[in-house]
Structure formats: C-alpha cells, structure tokens
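This is structure_26.cif. It holds mmCIF, C-alpha atoms.
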data_run
loop_
_atom_site.label_atom_id
_atom_site.label_comp_id
_atom_site.auth_asym_id
_atom_site.auth_seq_id
_atom_site.Cartn_x
_atom_site.Cartn_y
_atom_site.Cartn_z
CA MET U 1 12.93 -4.25 -9.01
CA VAL U 2 9.93 -1.91 -9.16
CA GLY U 3 10.89 -0.14 -5.95
CA GLY U 4 14.48 0.19 -7.06
CA LEU U 5 13.51 1.59 -10.45
CA CYS U 6 11.13 4.11 -8.88
CA ALA U 7 13.78 5.09 -6.31
CA CYS U 8 16.12 5.80 -9.23
CA ILE U 9 13.45 7.94 -10.89
CA ASP U 10 12.89 9.86 -7.65
CA ILE U 11 16.57 10.35 -6.84
CA GLY U 12 17.59 11.07 -10.43
CA LEU U 13 14.93 13.71 -10.99
CA PHE U 14 15.57 15.17 -7.53
CA MET U 15 19.29 15.58 -8.18
CA LEU U 16 18.67 17.02 -11.66
CA PHE U 17 16.24 19.68 -10.49
CA ALA U 18 17.60 20.43 -7.00
CA LYS U 19 21.36 20.01 -7.42
CA VAL U 20 22.03 20.61 -11.12
CA LEU U 21 19.36 23.25 -11.81
CA GLY U 22 19.46 24.69 -8.28
CA LEU U 23 15.71 24.68 -7.61
CA PRO U 24 14.56 24.65 -3.94
CA TYR U 25 14.95 21.10 -2.71
CA MET U 26 11.71 20.70 -0.71
CA PRO U 27 9.27 21.51 -3.55
CA VAL U 28 11.44 19.42 -5.88
CA ALA U 29 11.35 16.52 -3.40
CA THR U 30 7.56 16.71 -3.32
CA ALA U 31 7.22 16.75 -7.11
CA THR U 32 9.69 13.92 -7.73
CA PHE U 33 8.09 11.84 -4.97
CA VAL U 34 4.68 12.19 -6.67
CA VAL U 35 6.13 11.23 -10.08
CA ALA U 36 7.87 8.19 -8.58
CA THR U 37 4.67 7.23 -6.71
CA LEU U 38 2.65 7.26 -9.93
CA ALA U 39 5.26 5.13 -11.69
CA ASN U 40 5.37 2.81 -8.69
CA TYR U 41 1.60 2.32 -8.65
CA PHE U 42 1.36 1.39 -12.33
CA LEU U 43 4.40 -0.88 -12.24
CA SER U 44 3.31 -2.46 -8.94
CA VAL U 45 -0.13 -3.46 -10.17
CA ARG U 46 1.49 -4.89 -13.28
CA PHE U 47 4.38 -6.80 -11.69
CA VAL U 48 4.08 -6.97 -7.88
CA PHE U 49 0.57 -6.84 -6.42
CA VAL U 50 -2.80 -8.20 -7.50
CA SER U 51 -4.92 -5.15 -8.24
CA GLY U 52 -8.60 -5.29 -7.29
CA HIS U 53 -8.09 -8.12 -4.81
CA ARG U 54 -9.26 -6.16 -1.75
CA PHE U 55 -10.73 -2.94 -3.16
CA VAL U 56 -12.13 -1.59 -6.40
CA GLN U 57 -9.55 0.35 -8.40
CA LYS U 58 -10.69 3.86 -7.41
CA HIS U 59 -10.51 2.97 -3.70
CA GLU U 60 -7.21 1.20 -4.26
CA ILE U 61 -5.69 4.29 -5.90
CA ALA U 62 -7.03 6.50 -3.10
CA LEU U 63 -5.45 4.22 -0.50
CA VAL U 64 -2.15 4.18 -2.39
CA PHE U 65 -2.12 7.98 -2.31
CA LEU U 66 -3.12 8.02 1.37
CA VAL U 67 -0.21 5.68 2.18
CA SER U 68 1.99 7.78 -0.09
CA GLY U 69 0.87 10.96 1.69
CA VAL U 70 2.24 9.56 4.93
CA GLY U 71 5.35 8.57 2.99
CA LEU U 72 5.66 12.08 1.57
CA ALA U 73 5.53 13.57 5.06
CA LEU U 74 8.19 11.12 6.27
CA ASN U 75 10.29 11.83 3.18
CA ALA U 76 10.14 15.58 3.82
CA LEU U 77 10.93 15.17 7.51
CA ILE U 78 13.93 12.90 6.94
CA LEU U 79 15.24 15.08 4.13
CA TRP U 80 14.84 18.26 6.19
CA LEU U 81 16.47 16.71 9.27
CA SER U 82 19.36 15.40 7.16
CA VAL U 83 20.03 18.65 5.30
CA GLU U 84 19.04 21.39 7.76
CA VAL U 85 19.84 19.77 11.10
CA GLY U 86 22.49 17.22 10.16
CA HIS U 87 24.09 19.44 7.49
CA PHE U 88 24.45 16.51 5.11
CA GLU U 89 24.67 16.97 1.34
CA LEU U 90 21.39 16.78 -0.58
CA LEU U 91 22.22 13.38 -2.06
CA VAL U 92 22.93 11.87 1.37
CA GLY U 93 19.66 13.24 2.75
CA LYS U 94 17.71 12.05 -0.27
CA LEU U 95 19.26 8.58 -0.05
CA ALA U 96 18.37 8.37 3.66
CA ALA U 97 14.80 9.45 2.98
CA THR U 98 14.35 7.19 -0.03
CA GLY U 99 15.89 4.19 1.73
CA THR U 100 13.52 4.57 4.66
CA LEU U 101 10.50 5.09 2.42
CA PHE U 102 11.37 2.06 0.33
CA PHE U 103 10.37 -0.16 3.27
CA TRP U 104 7.39 1.98 4.33
CA ASN U 105 5.86 1.99 0.84
CA PHE U 106 6.14 -1.73 0.26
CA LEU U 107 4.92 -2.79 3.71
CA ALA U 108 2.06 -0.30 3.87
CA ARG U 109 0.83 -1.20 0.39
CA ARG U 110 1.15 -4.90 1.13
CA LEU U 111 -0.66 -4.67 4.48
CA PHE U 112 -3.21 -1.90 3.93
CA VAL U 113 -3.92 -1.73 0.21
CA PHE U 114 -3.24 -4.77 -1.93
CA GLY U 115 -2.75 -7.68 0.43
CA LYS U 116 -1.89 -10.22 -2.25
CA LEU U 117 1.38 -10.51 -4.16
CA ARG U 118 1.73 -11.79 -7.70
CA HIS U 119 3.56 -15.10 -7.96
#
Just dump the structure as structure tokens.
Amino acid sequence: MVGGLCACIDIGLFMLFAKVLGLPYMPVATATFVVATLANYFLSVRFVFVSGHRFVQKHEIALVFLVSGVGLALNALILWLSVEVGHFELLVGKLAATGTLFFWNFLARRLFVFGKLRH
C-alpha cells in the first residue's frame, strides 16, 4: 500500500508538471522522485519497517537516501531509454521506470537498511 501510494504521488506529480505544464521531464522526474522518496520513508517507518532496528535514525535515513540515489539513477536511465531511445510516451516511460523501482526500493530497503518488517 505504501509503495503504491508513493508511486501514485510520483507519477501524478510527474504527469502534472511534465505533461500538463510542459516542464522538462528529466528535472521533473528527479524532483517528483525525491518527494515520493520522502513520503515513502515516513510512511514505511510507520507502517512497513521497524525503524531503528539495525541503525540509528540518522544512519538509517542516510542509507535510505543512498539506496534511493541508486534508484534515482535507474529511474532516470529507464525513463530516458523509454522516451529518447524507445520513443514511448512520457507516461509509458514513467510507468516502466516506476514499476522497476518499486521492486528495487522495497528489496534494497528490506535487505540493506531496515531488515525487519512490522507484523
């Protein structure tokens, strides 16, 4: 649920700013990814993962943003390949990028950052 909600935030804001308002899609993708990542962190420590289980909060947040930095690079690469190389519409590229990152974000946070899920 948290990942789906944050994906909706990311995609919704992306489409608003890039498609509706016509802003350049790569800077918009970066900004909306960061907003969705912040929302994801706060919702995840509330509903999904046990915060402070493996690391103190400041290290945990740093690791989340490190994992998210890799995710941001993957997001940009997939989006660019989809739009510039594959000539897909922005929404199709964004859905491909977000769908891929959905799995990366959860698995990387589970394995490298939090470790423990809430029950």
* Option closest in space to U:Ile11, from U:Val113, U:Leu107, U:Leu38, U:Val92 [counting all atoms listed in the file] ->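 Counting all atoms listed in the file, the residue closest to U:Ile11 is U:Val92.
Applied to the file shown here, the PyMOL selection byres ((chain U and resi 96) around 12) selects the residues Ala7, Ile11, Leu74, Asn75, Ala76, Leu77, Ile78, Leu79, Trp80, Leu81, Ser82, Val83, Gly86, Phe88, Glu89, Leu90, Leu91, Val92, Gly93, Lys94, Leu95, Ala97, Thr98, Gly99, Thr100, Leu101, Phe102 and Phe103 of chain U.
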* Asked: Nearest to U:Leu117: which of U:Phe42, U:Trp104, U:Phe33, U:Phe49 is it, counting all atoms listed in the file?
  ->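 Looking only at the distances to U:Leu117, the closest residue turns out to be U:Phe49.
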* Residues in the PyMOL selection byres ((chain U and resi 27) around 12), expressed as a list of chain:residue names ->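 Given this file, the PyMOL selection byres ((chain U and resi 27) around 12) evaluates to U:Phe14, U:Phe17, U:Ala18, U:Gly22, U:Leu23, U:Pro24, U:Tyr25, U:Met26, U:Val28, U:Ala29, U:Thr30, U:Ala31, U:Thr32, U:Phe33, U:Val34, U:Leu72, U:Asn75, U:Ala76, U:Leu79, U:Trp80.
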Using C-alpha atoms, can you write the selected residues to a file as a PDB file, in the coordinates of the input?
ATOM      1  CA  PHE U  14      15.570  15.170  -7.530  1.00  0.00           C
ATOM      2  CA  PHE U  17      16.240  19.680 -10.490  1.00  0.00           C
ATOM      3  CA  ALA U  18      17.600  20.430  -7.000  1.00  0.00           C
ATOM      4  CA  GLY U  22      19.460  24.690  -8.280  1.00  0.00           C
ATOM      5  CA  LEU U  23      15.710  24.680  -7.610  1.00  0.00           C
ATOM      6  CA  PRO U  24      14.560  24.650  -3.940  1.00  0.00           C
ATOM      7  CA  TYR U  25      14.950  21.100  -2.710  1.00  0.00           C
ATOM      8  CA  MET U  26      11.710  20.700  -0.710  1.00  0.00           C
ATOM      9  CA  VAL U  28      11.440  19.420  -5.880  1.00  0.00           C
ATOM     10  CA  ALA U  29      11.350  16.520  -3.400  1.00  0.00           C
ATOM     11  CA  THR U  30       7.560  16.710  -3.320  1.00  0.00           C
ATOM     12  CA  ALA U  31       7.220  16.750  -7.110  1.00  0.00           C
ATOM     13  CA  THR U  32       9.690  13.920  -7.730  1.00  0.00           C
ATOM     14  CA  PHE U  33       8.090  11.840  -4.970  1.00  0.00           C
ATOM     15  CA  VAL U  34       4.680  12.190  -6.670  1.00  0.00           C
ATOM     16  CA  LEU U  72       5.660  12.080   1.570  1.00  0.00           C
ATOM     17  CA  ASN U  75      10.290  11.830   3.180  1.00  0.00           C
ATOM     18  CA  ALA U  76      10.140  15.580   3.820  1.00  0.00           C
ATOM     19  CA  LEU U  79      15.240  15.080   4.130  1.00  0.00           C
ATOM     20  CA  TRP U  80      14.840  18.260   6.190  1.00  0.00           C
TER      21      TRP U  80
END
* To one decimal in Å, tell me the separation between atom CA of U:Val20 and atom CA of U:Met1. => 26.6 Å
For stretch 78-111 of chain U, which lacks atoms in the input, supply N, CA and C atoms and format the output as a short mmCIF file (atom, residue, chain, number, x, y, z; two decimals), keeping the file's coordinate frame.
data_model
loop_
_atom_site.label_atom_id
_atom_site.label_comp_id
_atom_site.auth_asym_id
_atom_site.auth_seq_id
_atom_site.Cartn_x
_atom_site.Cartn_y
_atom_site.Cartn_z
N ILE U 78 12.58 13.48 6.96
CA ILE U 78 13.93 12.90 6.94
C ILE U 78 14.87 13.75 6.11
N LEU U 79 14.42 14.23 4.98
CA LEU U 79 15.24 15.08 4.13
C LEU U 79 15.59 16.38 4.85
N TRP U 80 14.61 17.01 5.47
CA TRP U 80 14.84 18.26 6.19
C TRP U 80 15.81 18.05 7.36
N LEU U 81 15.58 17.00 8.14
CA LEU U 81 16.47 16.71 9.27
C LEU U 81 17.90 16.45 8.78
N SER U 82 18.03 15.72 7.70
CA SER U 82 19.36 15.40 7.16
C SER U 82 20.09 16.64 6.68
N VAL U 83 19.39 17.49 5.93
CA VAL U 83 20.03 18.65 5.30
C VAL U 83 20.14 19.83 6.27
N GLU U 84 19.05 20.18 6.92
CA GLU U 84 19.04 21.39 7.76
C GLU U 84 19.63 21.18 9.15
N VAL U 85 19.35 20.04 9.75
CA VAL U 85 19.84 19.77 11.10
C VAL U 85 21.18 19.05 11.07
N GLY U 86 21.26 18.01 10.24
CA GLY U 86 22.49 17.22 10.16
C GLY U 86 23.54 17.80 9.24
N HIS U 87 23.17 18.79 8.44
CA HIS U 87 24.09 19.44 7.49
C HIS U 87 24.75 18.47 6.51
N PHE U 88 23.97 17.45 6.11
CA PHE U 88 24.45 16.51 5.11
C PHE U 88 24.18 17.09 3.72
N GLU U 89 24.90 16.59 2.74
CA GLU U 89 24.67 16.97 1.34
C GLU U 89 23.28 16.49 0.93
N LEU U 90 22.73 17.14 -0.08
CA LEU U 90 21.39 16.78 -0.58
C LEU U 90 21.29 15.31 -0.94
N LEU U 91 22.28 14.78 -1.63
CA LEU U 91 22.22 13.38 -2.06
C LEU U 91 22.17 12.44 -0.86
N VAL U 92 22.93 12.72 0.17
CA VAL U 92 22.93 11.87 1.37
C VAL U 92 21.56 11.91 2.03
N GLY U 93 20.99 13.10 2.16
CA GLY U 93 19.66 13.24 2.75
C GLY U 93 18.60 12.54 1.93
N LYS U 94 18.68 12.68 0.62
CA LYS U 94 17.71 12.05 -0.27
C LYS U 94 17.83 10.54 -0.22
N LEU U 95 19.06 10.03 -0.16
CA LEU U 95 19.26 8.58 -0.05
C LEU U 95 18.71 8.05 1.28
N ALA U 96 18.91 8.78 2.36
CA ALA U 96 18.37 8.37 3.66
C ALA U 96 16.85 8.34 3.63
N ALA U 97 16.26 9.38 3.06
CA ALA U 97 14.80 9.45 2.98
C ALA U 97 14.25 8.35 2.08
N THR U 98 14.83 8.18 0.92
CA THR U 98 14.35 7.19 -0.03
C THR U 98 14.53 5.78 0.51
N GLY U 99 15.65 5.52 1.15
CA GLY U 99 15.89 4.19 1.73
C GLY U 99 14.86 3.84 2.79
N THR U 100 14.53 4.79 3.63
CA THR U 100 13.52 4.57 4.66
C THR U 100 12.15 4.35 4.03
N LEU U 101 11.82 5.17 3.06
CA LEU U 101 10.50 5.09 2.42
C LEU U 101 10.33 3.85 1.57
N PHE U 102 11.43 3.30 1.10
CA PHE U 102 11.37 2.06 0.33
C PHE U 102 10.63 0.99 1.14
N PHE U 103 10.99 0.85 2.40
CA PHE U 103 10.37 -0.16 3.27
C PHE U 103 8.95 0.24 3.65
N TRP U 104 8.73 1.51 3.97
CA TRP U 104 7.39 1.98 4.33
C TRP U 104 6.41 1.72 3.19
N ASN U 105 6.77 2.12 1.98
CA ASN U 105 5.86 1.99 0.84
C ASN U 105 5.48 0.55 0.57
N PHE U 106 6.45 -0.34 0.54
CA PHE U 106 6.14 -1.73 0.26
C PHE U 106 5.26 -2.33 1.35
N LEU U 107 5.68 -2.18 2.61
CA LEU U 107 4.92 -2.79 3.71
C LEU U 107 3.52 -2.22 3.84
N ALA U 108 3.38 -0.91 3.73
CA ALA U 108 2.06 -0.30 3.87
C ALA U 108 1.14 -0.71 2.72
N ARG U 109 1.67 -0.78 1.53
CA ARG U 109 0.83 -1.20 0.39
C ARG U 109 0.46 -2.67 0.52
N ARG U 110 1.40 -3.47 0.95
CA ARG U 110 1.15 -4.90 1.13
C ARG U 110 0.10 -5.13 2.21
N LEU U 111 0.23 -4.43 3.35
CA LEU U 111 -0.66 -4.67 4.48
C LEU U 111 -2.00 -3.95 4.37
#
